[in-house]
Number of protein chains: 2
Amino acid sequence: MGAAVDEIDLALLAALQADATQAYADLGKRVGLSAGSAHERVRKLRERGVIRRTTIDVDPAAVNCGVLAFVMLQANAWMGNPPTRDALAAIPEIQEAHIIAGSASLLVKVRTSTPEQLQAVLRQAFDIDGVTGTETIVVLETFFERPLNVTDPNLAG
Amino acid sequence: MGAAVDEIDLALLAALQADATQAYADLGKRVGLSAGSAHERVRKLRERGVIRRTTIDVDPAAVNCGVLAFVMLQANAWMGNPPTRDALAAIPEIQEAHIIAGSASLLVKVRTSTPEQLQAVLRQAFDIDGVTGTETIVVLETFFERPLNVTDPNLAG
DNA sequence: ATTGAAAATATAAGAAC
DNA sequence: GTTCTTATATTTTCAAT
């Protein structure tokens, strides 16, 4: 397998999660490395797929995506196949899709501009082969959404 | 309120979501602008808070966060207050926290390295004032997690 | 608000340790 | 694997439109 992610790598990841625009010199200073070494480590983290991409975090409300809901999809067949995946991916309002344990088969995270558009997404979900029902949880307020924790002491280094 | 986000801004946002490392010259080419103009627009999008931050997407499995679960928290009091928010934020394994409509009060997204650690998070959740119960949905497989859709024609420009 | 160009800065590659 | 050096490329500022 790939080389292990060590303490310094975790510190680099945490720093880049917080601000991926900072210079390698600053990044290196933070973790006790030269700019060159920091650069090399980050390059390898990207190469190994630990860093999947550099991206921006967009305020949903600013781009007309003020409605957030989690939808559980019941199904009468095994849904862990590529066609199901593709059918869900084809609905742009679906931000996440997961296969879950429990009475439902799938959990999806949906962002729309209006409740009407959420309804339209649910209608499309019913068109997917195997889907027999939906249960929707509407979000009233989001406390926070943040990057996953990489510096938790509970996680083995 | 702040100036509207126009079509070009949406194109810039989509391009940066896909790859925030690309040069402003390339970014400008993509949307039919000079490097300077692209830079200026992105600067304003940051200033206005449309772009909340530039960050990296880390593979959870690579940093010992292979367990993902969504937990619904039942409560016997109104939970939409700062103390509740802070109590949830103090648990690093909680990546998202939302107030929801429906029988439960809160929905949180949790990532841990092991089921045992997930259990420890649930125990901590019970210590939060007002929490009377939990219902956990364990994720077996994640189909996808992607940036929110900003170029959907259904969204008003 | 956009352009084009200049100056400041950062990235990326390479040699030495 | 790290550091230092050098060349390349990008970001950032600014005057002009």
# chains A, B, ... in the order shown; residues from 1 in each chain; ligands from 1
>>> interface_residues(of="chain A", to="chain C", cutoff="10 Å", atoms="only C-alpha atoms (C1' of nucleotides)", output="list in words")
Gln22, Ala23, Tyr24, Ala25, Gly36, His39 and Glu40 of chain A
>>> write_last_selection(atoms="N, CA, C and O atoms", output="PDB file, in the first residue's frame")
ATOM      1  N   GLN A  22      -2.486  29.639   1.184  1.00  0.00           N
ATOM      2  CA  GLN A  22      -1.236  30.079   1.786  1.00  0.00           C
ATOM      3  C   GLN A  22      -0.017  29.505   1.069  1.00  0.00           C
ATOM      4  O   GLN A  22      -0.061  28.432   0.483  1.00  0.00           O
ATOM      5  N   ALA A  23       1.063  30.245   1.126  1.00  0.00           N
ATOM      6  CA  ALA A  23       2.287  29.878   0.427  1.00  0.00           C
ATOM      7  C   ALA A  23       2.969  28.700   1.119  1.00  0.00           C
ATOM      8  O   ALA A  23       2.793  28.497   2.321  1.00  0.00           O
ATOM      9  N   TYR A  24       3.760  27.965   0.361  1.00  0.00           N
ATOM     10  CA  TYR A  24       4.459  26.812   0.923  1.00  0.00           C
ATOM     11  C   TYR A  24       5.449  27.231   1.998  1.00  0.00           C
ATOM     12  O   TYR A  24       5.718  26.477   2.932  1.00  0.00           O
ATOM     13  N   ALA A  25       5.981  28.433   1.873  1.00  0.00           N
ATOM     14  CA  ALA A  25       6.899  28.934   2.901  1.00  0.00           C
ATOM     15  C   ALA A  25       6.170  29.040   4.243  1.00  0.00           C
ATOM     16  O   ALA A  25       6.668  28.572   5.274  1.00  0.00           O
ATOM     17  N   GLY A  36      10.526  24.111   0.409  1.00  0.00           N
ATOM     18  CA  GLY A  36      10.744  23.027  -0.541  1.00  0.00           C
ATOM     19  C   GLY A  36      10.216  21.694  -0.034  1.00  0.00           C
ATOM     20  O   GLY A  36       9.545  20.957  -0.771  1.00  0.00           O
ATOM     21  N   HIS A  39       6.480  21.703   0.033  1.00  0.00           N
ATOM     22  CA  HIS A  39       5.976  21.550  -1.335  1.00  0.00           C
ATOM     23  C   HIS A  39       6.029  20.094  -1.779  1.00  0.00           C
ATOM     24  O   HIS A  39       5.069  19.561  -2.340  1.00  0.00           O
ATOM     25  N   GLU A  40       7.166  19.456  -1.522  1.00  0.00           N
ATOM     26  CA  GLU A  40       7.348  18.057  -1.922  1.00  0.00           C
ATOM     27  C   GLU A  40       6.342  17.136  -1.227  1.00  0.00           C
ATOM     28  O   GLU A  40       5.751  16.258  -1.850  1.00  0.00           O
TER      29      GLU A  40
END
>>> residues_around(residues="range 51-53 of chain A", least_positions_apart="5", cutoff="10 Å", atoms="only C-alpha atoms (C1' of nucleotides)", output="number ranges by chain")
A: 13, 16-17, 42-46; B: 17-21, 55-60, 62
>>> write_last_selection(atoms="C-alpha atoms", output="short mmCIF file (atom, residue, chain, number, x, y, z; two decimals), in the first residue's frame")
data_model
loop_
_atom_site.label_atom_id
_atom_site.label_comp_id
_atom_site.auth_asym_id
_atom_site.auth_seq_id
_atom_site.Cartn_x
_atom_site.Cartn_y
_atom_site.Cartn_z
CA LEU A 13 -3.55 18.63 5.66
CA LEU A 16 -4.51 23.36 3.88
CA GLN A 17 -8.08 22.53 4.88
CA VAL A 42 2.04 18.19 -0.50
CA ARG A 43 2.88 17.06 -4.03
CA LYS A 44 3.10 13.47 -2.82
CA LEU A 45 -0.12 13.76 -0.83
CA ARG A 46 -1.84 14.82 -4.03
CA GLN B 17 -14.93 24.18 -7.39
CA ALA B 18 -13.50 21.75 -9.92
CA ASP B 19 -9.93 23.02 -9.52
CA ALA B 20 -8.95 25.95 -7.36
CA THR B 21 -5.27 25.66 -8.32
CA THR B 55 -9.69 24.32 0.89
CA ILE B 56 -8.61 20.79 0.07
CA ASP B 57 -10.72 17.69 -0.18
CA VAL B 58 -9.08 14.94 1.88
CA ASP B 59 -9.78 11.25 1.33
CA PRO B 60 -11.31 10.16 4.66
CA ALA B 62 -6.44 7.87 4.06
#
>>> residues_around(residues="Gly133 in chain A", least_positions_apart="6", cutoff="9 Å", atoms="only C-alpha atoms (C1' of nucleotides)", output="list in words")
Met72, Leu73, Gln74, Ala75, Ala104, Ala125 and Phe126 of chain A
>>> write_last_selection(atoms="all heavy atoms", output="PDB file, in the first residue's frame")
ATOM      1  N   MET A  72     -34.067   9.855   2.541  1.00  0.00           N
ATOM      2  CA  MET A  72     -33.814   8.412   2.583  1.00  0.00           C
ATOM      3  C   MET A  72     -34.667   7.751   1.522  1.00  0.00           C
ATOM      4  O   MET A  72     -35.874   8.014   1.429  1.00  0.00           O
ATOM      5  CB  MET A  72     -34.138   7.875   3.980  1.00  0.00           C
ATOM      6  CG  MET A  72     -33.124   8.368   5.008  1.00  0.00           C
ATOM      7  SD  MET A  72     -33.404   7.736   6.657  1.00  0.00           S
ATOM      8  CE  MET A  72     -34.725   8.808   7.203  1.00  0.00           C
ATOM      9  N   LEU A  73     -34.044   6.911   0.741  1.00  0.00           N
ATOM     10  CA  LEU A  73     -34.746   6.223  -0.332  1.00  0.00           C
ATOM     11  C   LEU A  73     -34.917   4.746   0.014  1.00  0.00           C
ATOM     12  O   LEU A  73     -33.931   4.055   0.269  1.00  0.00           O
ATOM     13  CB  LEU A  73     -33.966   6.343  -1.653  1.00  0.00           C
ATOM     14  CG  LEU A  73     -33.718   7.765  -2.170  1.00  0.00           C
ATOM     15  CD1 LEU A  73     -32.809   7.733  -3.395  1.00  0.00           C
ATOM     16  CD2 LEU A  73     -35.045   8.430  -2.525  1.00  0.00           C
ATOM     17  N   GLN A  74     -36.173   4.295   0.034  1.00  0.00           N
ATOM     18  CA  GLN A  74     -36.432   2.864   0.193  1.00  0.00           C
ATOM     19  C   GLN A  74     -36.371   2.208  -1.181  1.00  0.00           C
ATOM     20  O   GLN A  74     -36.717   2.831  -2.191  1.00  0.00           O
ATOM     21  CB  GLN A  74     -37.821   2.623   0.814  1.00  0.00           C
ATOM     22  CG  GLN A  74     -37.858   2.754   2.327  1.00  0.00           C
ATOM     23  CD  GLN A  74     -38.132   4.166   2.766  1.00  0.00           C
ATOM     24  OE1 GLN A  74     -38.888   4.872   2.122  1.00  0.00           O
ATOM     25  NE2 GLN A  74     -37.515   4.579   3.854  1.00  0.00           N
ATOM     26  N   ALA A  75     -35.969   0.952  -1.198  1.00  0.00           N
ATOM     27  CA  ALA A  75     -35.864   0.251  -2.477  1.00  0.00           C
ATOM     28  C   ALA A  75     -36.238  -1.210  -2.313  1.00  0.00           C
ATOM     29  O   ALA A  75     -36.170  -1.761  -1.214  1.00  0.00           O
ATOM     30  CB  ALA A  75     -34.460   0.372  -3.033  1.00  0.00           C
ATOM     31  N   ALA A 104     -33.944   1.959   5.283  1.00  0.00           N
ATOM     32  CA  ALA A 104     -33.833   2.530   3.947  1.00  0.00           C
ATOM     33  C   ALA A 104     -32.564   2.011   3.272  1.00  0.00           C
ATOM     34  O   ALA A 104     -31.683   1.443   3.925  1.00  0.00           O
ATOM     35  CB  ALA A 104     -33.815   4.048   4.013  1.00  0.00           C
ATOM     36  N   ALA A 125     -36.356  11.018  -8.230  1.00  0.00           N
ATOM     37  CA  ALA A 125     -35.823   9.876  -7.477  1.00  0.00           C
ATOM     38  C   ALA A 125     -36.717   8.657  -7.656  1.00  0.00           C
ATOM     39  O   ALA A 125     -36.231   7.525  -7.765  1.00  0.00           O
ATOM     40  CB  ALA A 125     -35.681  10.239  -6.007  1.00  0.00           C
ATOM     41  N   PHE A 126     -38.018   8.905  -7.708  1.00  0.00           N
ATOM     42  CA  PHE A 126     -38.958   7.785  -7.876  1.00  0.00           C
ATOM     43  C   PHE A 126     -38.816   7.115  -9.237  1.00  0.00           C
ATOM     44  O   PHE A 126     -39.236   5.968  -9.420  1.00  0.00           O
ATOM     45  CB  PHE A 126     -40.404   8.274  -7.694  1.00  0.00           C
ATOM     46  CG  PHE A 126     -40.914   8.123  -6.291  1.00  0.00           C
ATOM     47  CD1 PHE A 126     -41.080   9.234  -5.474  1.00  0.00           C
ATOM     48  CD2 PHE A 126     -41.215   6.861  -5.783  1.00  0.00           C
ATOM     49  CE1 PHE A 126     -41.544   9.094  -4.178  1.00  0.00           C
ATOM     50  CE2 PHE A 126     -41.680   6.730  -4.485  1.00  0.00           C
ATOM     51  CZ  PHE A 126     -41.848   7.838  -3.682  1.00  0.00           C
TER      52      PHE A 126
END
>>> residues_around(residues="Val150 in chain B", least_positions_apart="2", cutoff="7 Å", atoms="only C-alpha atoms (C1' of nucleotides)", output="mmCIF file with N, CA and C atoms, in the first residue's frame")
data_model
loop_
_atom_site.group_PDB
_atom_site.id
_atom_site.type_symbol
_atom_site.label_atom_id
_atom_site.label_comp_id
_atom_site.auth_asym_id
_atom_site.auth_seq_id
_atom_site.Cartn_x
_atom_site.Cartn_y
_atom_site.Cartn_z
ATOM 1 N N VAL A 63 -25.934 31.364 -3.929
ATOM 2 C CA VAL A 63 -26.138 30.858 -5.288
ATOM 3 C C VAL A 63 -27.493 30.159 -5.416
ATOM 4 N N LEU B 10 -21.012 32.615 -11.760
ATOM 5 C CA LEU B 10 -21.350 31.199 -11.576
ATOM 6 C C LEU B 10 -20.356 30.308 -12.310
ATOM 7 N N ALA B 14 -17.968 27.552 -10.573
ATOM 8 C CA ALA B 14 -17.943 26.145 -10.990
ATOM 9 C C ALA B 14 -16.527 25.713 -11.343
ATOM 10 N N LEU B 148 -21.571 21.673 -4.281
ATOM 11 C CA LEU B 148 -22.954 21.985 -4.659
ATOM 12 C C LEU B 148 -23.008 22.526 -6.073
ATOM 13 N N ASP B 152 -26.851 25.019 -12.307
ATOM 14 C CA ASP B 152 -28.147 24.460 -12.631
ATOM 15 C C ASP B 152 -29.036 25.517 -13.281
#
>>> interface_residues(of="chain D", to="chain A", cutoff="12 Å", atoms="only C-alpha atoms (C1' of nucleotides)", output="number ranges by chain")
D: 1-5, 11
>>> write_last_selection(atoms="all heavy atoms", output="short mmCIF file (atom, residue, chain, number, x, y, z; two decimals), in the first residue's frame")
data_model
loop_
_atom_site.label_atom_id
_atom_site.label_comp_id
_atom_site.auth_asym_id
_atom_site.auth_seq_id
_atom_site.Cartn_x
_atom_site.Cartn_y
_atom_site.Cartn_z
P DG D 1 11.31 9.76 0.93
OP1 DG D 1 12.25 10.35 0.06
OP2 DG D 1 10.27 8.98 0.72
"O5'" DG D 1 11.31 10.35 2.35
"C5'" DG D 1 12.18 10.16 3.45
"C4'" DG D 1 12.87 11.42 3.86
"O4'" DG D 1 14.18 11.44 3.21
"C3'" DG D 1 12.17 12.73 3.47
"O3'" DG D 1 12.10 13.55 4.62
"C2'" DG D 1 13.06 13.34 2.40
"C1'" DG D 1 14.44 12.76 2.73
N9 DG D 1 15.33 12.65 1.56
C8 DG D 1 15.08 12.01 0.37
N7 DG D 1 16.07 12.10 -0.47
C5 DG D 1 17.04 12.85 0.21
C6 DG D 1 18.34 13.28 -0.20
O6 DG D 1 18.90 13.08 -1.28
N1 DG D 1 18.98 14.01 0.80
C2 DG D 1 18.44 14.29 2.03
N2 DG D 1 19.19 15.01 2.86
N3 DG D 1 17.23 13.89 2.42
C4 DG D 1 16.59 13.19 1.46
P DT D 2 11.33 14.93 4.75
OP1 DT D 2 10.66 14.89 6.06
OP2 DT D 2 10.55 15.10 3.51
"O5'" DT D 2 12.43 16.09 4.82
"C5'" DT D 2 13.54 15.94 5.72
"C4'" DT D 2 14.65 16.89 5.32
"O4'" DT D 2 15.28 16.42 4.10
"C3'" DT D 2 14.20 18.33 5.05
"O3'" DT D 2 14.80 19.19 6.00
"C2'" DT D 2 14.67 18.61 3.62
"C1'" DT D 2 15.74 17.56 3.41
N1 DT D 2 15.95 17.16 1.99
C2 DT D 2 17.12 17.50 1.36
O2 DT D 2 18.02 18.12 1.90
N3 DT D 2 17.21 17.08 0.04
C4 DT D 2 16.27 16.38 -0.68
O4 DT D 2 16.45 16.08 -1.84
C5 DT D 2 15.05 16.07 0.04
C7 DT D 2 13.96 15.32 -0.64
C6 DT D 2 14.95 16.47 1.32
P DT D 3 14.37 20.75 6.08
OP1 DT D 3 14.48 21.15 7.50
OP2 DT D 3 13.10 20.90 5.34
"O5'" DT D 3 15.50 21.52 5.27
"C5'" DT D 3 16.87 21.35 5.64
"C4'" DT D 3 17.76 21.95 4.56
"O4'" DT D 3 17.65 21.17 3.34
"C3'" DT D 3 17.42 23.39 4.18
"O3'" DT D 3 18.57 24.20 4.37
"C2'" DT D 3 17.01 23.30 2.70
"C1'" DT D 3 17.73 22.04 2.24
N1 DT D 3 17.10 21.35 1.09
C2 DT D 3 17.86 21.12 -0.04
O2 DT D 3 19.01 21.46 -0.15
N3 DT D 3 17.19 20.45 -1.06
C4 DT D 3 15.88 20.01 -1.03
O4 DT D 3 15.40 19.44 -2.00
C5 DT D 3 15.14 20.29 0.17
C7 DT D 3 13.72 19.87 0.29
C6 DT D 3 15.78 20.94 1.17
P DC D 4 18.47 25.81 4.42
OP1 DC D 4 19.33 26.33 5.51
OP2 DC D 4 17.04 26.16 4.38
"O5'" DC D 4 19.13 26.20 3.03
"C5'" DC D 4 20.39 25.62 2.67
"C4'" DC D 4 20.65 25.85 1.19
"O4'" DC D 4 19.84 24.93 0.41
"C3'" DC D 4 20.32 27.25 0.69
"O3'" DC D 4 21.43 27.75 -0.03
"C2'" DC D 4 19.09 27.05 -0.21
"C1'" DC D 4 19.31 25.62 -0.70
N1 DC D 4 18.06 24.91 -1.11
C2 DC D 4 18.07 24.17 -2.30
O2 DC D 4 19.09 24.12 -2.99
N3 DC D 4 16.94 23.52 -2.68
C4 DC D 4 15.84 23.59 -1.91
N4 DC D 4 14.76 22.92 -2.32
C5 DC D 4 15.82 24.34 -0.69
C6 DC D 4 16.94 24.97 -0.34
P DT D 5 21.49 29.30 -0.51
OP1 DT D 5 22.82 29.82 -0.16
OP2 DT D 5 20.26 29.97 -0.04
"O5'" DT D 5 21.40 29.14 -2.09
"C5'" DT D 5 22.07 28.03 -2.71
"C4'" DT D 5 21.64 27.92 -4.17
"O4'" DT D 5 20.44 27.10 -4.29
"C3'" DT D 5 21.32 29.25 -4.86
"O3'" DT D 5 21.99 29.31 -6.10
"C2'" DT D 5 19.80 29.23 -5.02
"C1'" DT D 5 19.53 27.72 -5.17
N1 DT D 5 18.17 27.28 -4.78
C2 DT D 5 17.49 26.43 -5.63
O2 DT D 5 17.94 26.02 -6.68
N3 DT D 5 16.25 26.06 -5.19
C4 DT D 5 15.62 26.46 -4.02
O4 DT D 5 14.50 26.07 -3.75
C5 DT D 5 16.38 27.37 -3.19
C7 DT D 5 15.80 27.87 -1.91
C6 DT D 5 17.61 27.73 -3.61
P DT D 11 -2.41 32.39 -10.36
OP1 DT D 11 -3.23 31.38 -9.70
OP2 DT D 11 -2.82 32.95 -11.66
"O5'" DT D 11 -2.16 33.58 -9.33
"C5'" DT D 11 -1.45 33.30 -8.13
"C4'" DT D 11 -0.94 34.58 -7.50
"O4'" DT D 11 -0.04 35.27 -8.39
"C3'" DT D 11 -2.03 35.59 -7.11
"O3'" DT D 11 -1.72 36.01 -5.78
"C2'" DT D 11 -1.84 36.72 -8.13
"C1'" DT D 11 -0.35 36.65 -8.41
N1 DT D 11 0.15 37.18 -9.71
C2 DT D 11 1.12 38.17 -9.70
O2 DT D 11 1.57 38.65 -8.68
N3 DT D 11 1.55 38.56 -10.95
C4 DT D 11 1.12 38.09 -12.17
O4 DT D 11 1.59 38.51 -13.21
C5 DT D 11 0.10 37.07 -12.09
C7 DT D 11 -0.44 36.49 -13.36
C6 DT D 11 -0.34 36.67 -10.89
#
>>> residues_around(residues="Ile99 in chain A", least_positions_apart="2", cutoff="8 Å", atoms="only C-alpha atoms (C1' of nucleotides)", output="count of residues only")
12
>>> closest_residue(among="B:Ala69, B:Ile8, B:Ile91, B:Val138", to="chain A", atoms="only C-alpha atoms")
B:Val138
>>> select_by_dssp(residues="chain A", states="alpha helix (DSSP H)", output="JSON, numbers by chain")
{"A": [7, 8, 9, 10, 11, 12, 13, 14, 15, 16, 17, 18, 24, 25, 26, 27, 28, 29, 30, 31, 35, 36, 37, 38, 39, 40, 41, 42, 43, 44, 45, 46, 47, 82, 83, 84, 85, 86, 87, 88, 89, 115, 116, 117, 118, 119, 120, 121, 122, 123, 124, 125, 126]}
>>> closest_residue(among="A:Gly49, A:Gly66, A:Gly130, A:Pro115", to="chain B", atoms="only C-alpha atoms")
A:Gly49
>>> atom_distance(atom1="CA of Ile128 in chain B", atom2="CA of Ser103 in chain A")
27.2 Å
>>> select_by_dssp(residues="chain B", states="strand (DSSP E or B)", output="short mmCIF file (atom, residue, chain, number, x, y, z; two decimals) with N, CA and C atoms, in the first residue's frame")
data_model
loop_
_atom_site.label_atom_id
_atom_site.label_comp_id
_atom_site.auth_asym_id
_atom_site.auth_seq_id
_atom_site.Cartn_x
_atom_site.Cartn_y
_atom_site.Cartn_z
N ILE B 51 -17.60 33.06 -1.88
CA ILE B 51 -16.56 32.05 -1.67
C ILE B 51 -16.16 32.16 -0.20
N ARG B 52 -16.46 31.13 0.56
CA ARG B 52 -16.17 31.18 1.99
C ARG B 52 -14.72 30.85 2.30
N ARG B 53 -14.17 29.91 1.57
CA ARG B 53 -12.74 29.62 1.70
C ARG B 53 -12.26 28.72 0.58
N THR B 54 -10.93 28.71 0.44
CA THR B 54 -10.29 27.77 -0.48
C THR B 54 -9.72 26.66 0.38
N THR B 55 -10.03 25.44 0.02
CA THR B 55 -9.69 24.32 0.89
C THR B 55 -9.31 23.10 0.07
N ILE B 56 -8.90 22.05 0.75
CA ILE B 56 -8.61 20.79 0.07
C ILE B 56 -9.62 19.74 0.48
N ASP B 57 -9.83 18.81 -0.44
CA ASP B 57 -10.72 17.69 -0.18
C ASP B 57 -9.84 16.49 0.16
N VAL B 58 -9.92 16.03 1.41
CA VAL B 58 -9.08 14.94 1.88
C VAL B 58 -9.85 13.62 1.85
N VAL B 67 -15.14 5.34 8.96
CA VAL B 67 -16.52 5.10 9.40
C VAL B 67 -17.33 6.39 9.29
N LEU B 68 -18.41 6.32 8.54
CA LEU B 68 -19.29 7.49 8.36
C LEU B 68 -20.70 7.13 8.83
N ALA B 69 -21.28 8.04 9.59
CA ALA B 69 -22.65 7.81 10.04
C ALA B 69 -23.40 9.13 10.13
N PHE B 70 -24.71 9.05 9.95
CA PHE B 70 -25.59 10.18 10.19
C PHE B 70 -26.40 9.85 11.44
N VAL B 71 -26.41 10.79 12.38
CA VAL B 71 -27.08 10.53 13.65
C VAL B 71 -28.18 11.57 13.87
N MET B 72 -29.37 11.09 14.11
CA MET B 72 -30.48 11.98 14.46
C MET B 72 -30.58 12.05 15.97
N LEU B 73 -30.64 13.24 16.49
CA LEU B 73 -30.72 13.43 17.94
C LEU B 73 -32.11 13.90 18.33
N GLN B 74 -32.74 13.14 19.22
CA GLN B 74 -34.03 13.59 19.78
C GLN B 74 -33.74 14.46 20.99
N ALA B 75 -34.62 15.44 21.21
CA ALA B 75 -34.41 16.34 22.33
C ALA B 75 -35.74 16.72 22.97
N ILE B 94 -17.70 15.31 14.69
CA ILE B 94 -18.93 15.80 14.04
C ILE B 94 -18.55 16.79 12.95
N GLN B 95 -18.83 16.42 11.72
CA GLN B 95 -18.44 17.22 10.57
C GLN B 95 -19.52 18.23 10.20
N GLU B 96 -20.77 17.85 10.40
CA GLU B 96 -21.89 18.75 10.11
C GLU B 96 -22.93 18.62 11.22
N ALA B 97 -23.64 19.72 11.48
CA ALA B 97 -24.75 19.68 12.44
C ALA B 97 -25.87 20.57 11.91
N HIS B 98 -27.06 20.00 11.87
CA HIS B 98 -28.22 20.73 11.33
C HIS B 98 -29.41 20.60 12.26
N ILE B 99 -30.19 21.67 12.36
CA ILE B 99 -31.49 21.60 13.00
C ILE B 99 -32.49 21.17 11.95
N ILE B 100 -33.31 20.19 12.28
CA ILE B 100 -34.20 19.63 11.26
C ILE B 100 -35.67 19.68 11.67
N LEU B 106 -32.17 17.25 15.71
CA LEU B 106 -30.88 17.56 15.09
C LEU B 106 -30.43 16.39 14.24
N LEU B 107 -29.69 16.73 13.19
CA LEU B 107 -29.04 15.70 12.38
C LEU B 107 -27.56 16.04 12.31
N VAL B 108 -26.72 15.10 12.65
CA VAL B 108 -25.28 15.35 12.57
C VAL B 108 -24.61 14.29 11.72
N LYS B 109 -23.54 14.72 11.07
CA LYS B 109 -22.75 13.81 10.23
C LYS B 109 -21.46 13.54 10.98
N VAL B 110 -21.15 12.28 11.18
CA VAL B 110 -20.02 11.89 12.03
C VAL B 110 -19.04 11.01 11.27
N ARG B 111 -17.76 11.32 11.40
CA ARG B 111 -16.72 10.44 10.83
C ARG B 111 -15.77 9.99 11.92
N THR B 112 -15.58 8.67 12.01
CA THR B 112 -14.65 8.12 13.00
C THR B 112 -13.79 7.05 12.34
N VAL B 131 -30.66 16.49 25.07
CA VAL B 131 -30.67 15.29 24.22
C VAL B 131 -31.27 14.12 24.98
N THR B 132 -32.28 13.49 24.36
CA THR B 132 -32.95 12.37 25.03
C THR B 132 -32.81 11.07 24.26
N GLY B 133 -32.31 11.12 23.07
CA GLY B 133 -32.20 9.89 22.30
C GLY B 133 -31.42 10.08 21.01
N THR B 134 -30.96 8.97 20.43
CA THR B 134 -30.24 9.04 19.15
C THR B 134 -30.75 7.94 18.23
N GLU B 135 -30.64 8.21 16.95
CA GLU B 135 -30.92 7.17 15.96
C GLU B 135 -29.83 7.27 14.91
N THR B 136 -29.09 6.19 14.75
CA THR B 136 -27.88 6.23 13.93
C THR B 136 -28.06 5.50 12.61
N ILE B 137 -27.67 6.15 11.55
CA ILE B 137 -27.66 5.55 10.22
C ILE B 137 -26.21 5.38 9.81
N VAL B 138 -25.77 4.14 9.69
CA VAL B 138 -24.39 3.87 9.31
C VAL B 138 -24.28 3.78 7.80
N VAL B 139 -23.28 4.43 7.25
CA VAL B 139 -23.05 4.41 5.80
C VAL B 139 -22.18 3.20 5.45
N LEU B 140 -22.65 2.42 4.48
CA LEU B 140 -21.90 1.23 4.04
C LEU B 140 -20.94 1.61 2.91
N GLU B 141 -21.40 2.48 2.04
CA GLU B 141 -20.58 2.90 0.90
C GLU B 141 -21.03 4.28 0.46
N THR B 142 -20.07 5.12 0.16
CA THR B 142 -20.40 6.44 -0.37
C THR B 142 -20.28 6.42 -1.88
N PHE B 143 -21.39 6.68 -2.57
CA PHE B 143 -21.36 6.76 -4.04
C PHE B 143 -20.56 7.98 -4.47
N PHE B 144 -20.93 9.13 -3.93
CA PHE B 144 -20.19 10.35 -4.25
C PHE B 144 -20.50 11.45 -3.24
N GLU B 145 -19.56 12.37 -3.15
CA GLU B 145 -19.72 13.63 -2.42
C GLU B 145 -19.12 14.69 -3.32
#
>>> atom_distance(atom1="CA of Ala120 in chain A", atom2="CA of Asp86 in chain A")
18.0 Å
>>> atom_distance(atom1="CA of Glu47 in chain A", atom2="CA of Val5 in chain A")
12.8 Å
>>> residues_around(residues="Asp129 in chain A", least_positions_apart="6", cutoff="10 Å", atoms="only C-alpha atoms (C1' of nucleotides)", output="list in words")
Ala75, Asn76, Ala77, Met79, Pro83, Thr84 and Ala87 of chain A
>>> write_last_selection(atoms="all heavy atoms", output="mmCIF file, in the first residue's frame")
data_model
loop_
_atom_site.group_PDB
_atom_site.id
_atom_site.type_symbol
_atom_site.label_atom_id
_atom_site.label_comp_id
_atom_site.auth_asym_id
_atom_site.auth_seq_id
_atom_site.Cartn_x
_atom_site.Cartn_y
_atom_site.Cartn_z
ATOM 1 N N ALA A 75 -35.969 0.952 -1.198
ATOM 2 C CA ALA A 75 -35.864 0.251 -2.477
ATOM 3 C C ALA A 75 -36.238 -1.210 -2.313
ATOM 4 O O ALA A 75 -36.170 -1.761 -1.214
ATOM 5 C CB ALA A 75 -34.460 0.372 -3.033
ATOM 6 N N ASN A 76 -36.618 -1.843 -3.430
ATOM 7 C CA ASN A 76 -36.994 -3.258 -3.413
ATOM 8 C C ASN A 76 -35.927 -4.131 -4.080
ATOM 9 O O ASN A 76 -36.190 -5.239 -4.496
ATOM 10 C CB ASN A 76 -38.351 -3.450 -4.091
ATOM 11 C CG ASN A 76 -38.339 -3.020 -5.555
ATOM 12 O OD1 ASN A 76 -37.267 -2.758 -6.112
ATOM 13 N ND2 ASN A 76 -39.496 -2.972 -6.161
ATOM 14 N N ALA A 77 -34.731 -3.586 -4.214
ATOM 15 C CA ALA A 77 -33.636 -4.344 -4.841
ATOM 16 C C ALA A 77 -32.319 -3.780 -4.333
ATOM 17 O O ALA A 77 -32.285 -2.709 -3.721
ATOM 18 C CB ALA A 77 -33.702 -4.231 -6.361
ATOM 19 N N MET A 79 -29.196 -1.761 -4.345
ATOM 20 C CA MET A 79 -28.957 -0.500 -5.044
ATOM 21 C C MET A 79 -27.464 -0.161 -5.186
ATOM 22 O O MET A 79 -27.113 0.893 -5.688
ATOM 23 C CB MET A 79 -29.666 0.635 -4.302
ATOM 24 C CG MET A 79 -31.174 0.449 -4.191
ATOM 25 S SD MET A 79 -32.003 0.312 -5.777
ATOM 26 C CE MET A 79 -32.399 2.042 -6.078
ATOM 27 N N PRO A 83 -25.362 1.561 -12.229
ATOM 28 C CA PRO A 83 -26.519 2.262 -12.808
ATOM 29 C C PRO A 83 -27.247 3.135 -11.786
ATOM 30 O O PRO A 83 -27.663 4.260 -12.098
ATOM 31 C CB PRO A 83 -27.414 1.123 -13.307
ATOM 32 C CG PRO A 83 -26.475 -0.014 -13.584
ATOM 33 C CD PRO A 83 -25.416 0.097 -12.529
ATOM 34 N N THR A 84 -27.394 2.640 -10.576
ATOM 35 C CA THR A 84 -28.050 3.440 -9.539
ATOM 36 C C THR A 84 -27.218 4.679 -9.235
ATOM 37 O O THR A 84 -27.722 5.801 -9.152
ATOM 38 C CB THR A 84 -28.232 2.609 -8.248
ATOM 39 O OG1 THR A 84 -29.014 1.463 -8.539
ATOM 40 C CG2 THR A 84 -28.903 3.434 -7.163
ATOM 41 N N ALA A 87 -27.567 7.150 -12.009
ATOM 42 C CA ALA A 87 -28.889 7.788 -12.025
ATOM 43 C C ALA A 87 -28.962 8.893 -10.974
ATOM 44 O O ALA A 87 -29.528 9.964 -11.205
ATOM 45 C CB ALA A 87 -29.978 6.747 -11.783
#
>>> decode(residues="range 78-82 of chain B", atoms="C-alpha atoms", output="compact mmCIF listing (two decimals), in the first residue's frame")
# COMPACT_ATOMS: atom_id res chain seq x y z
CA TRP B 78 -35.46 23.74 21.71
CA MET B 79 -31.95 23.07 20.47
CA GLY B 80 -31.46 26.03 18.15
CA ASN B 81 -29.27 27.95 20.56
CA PRO B 82 -25.55 28.75 20.69
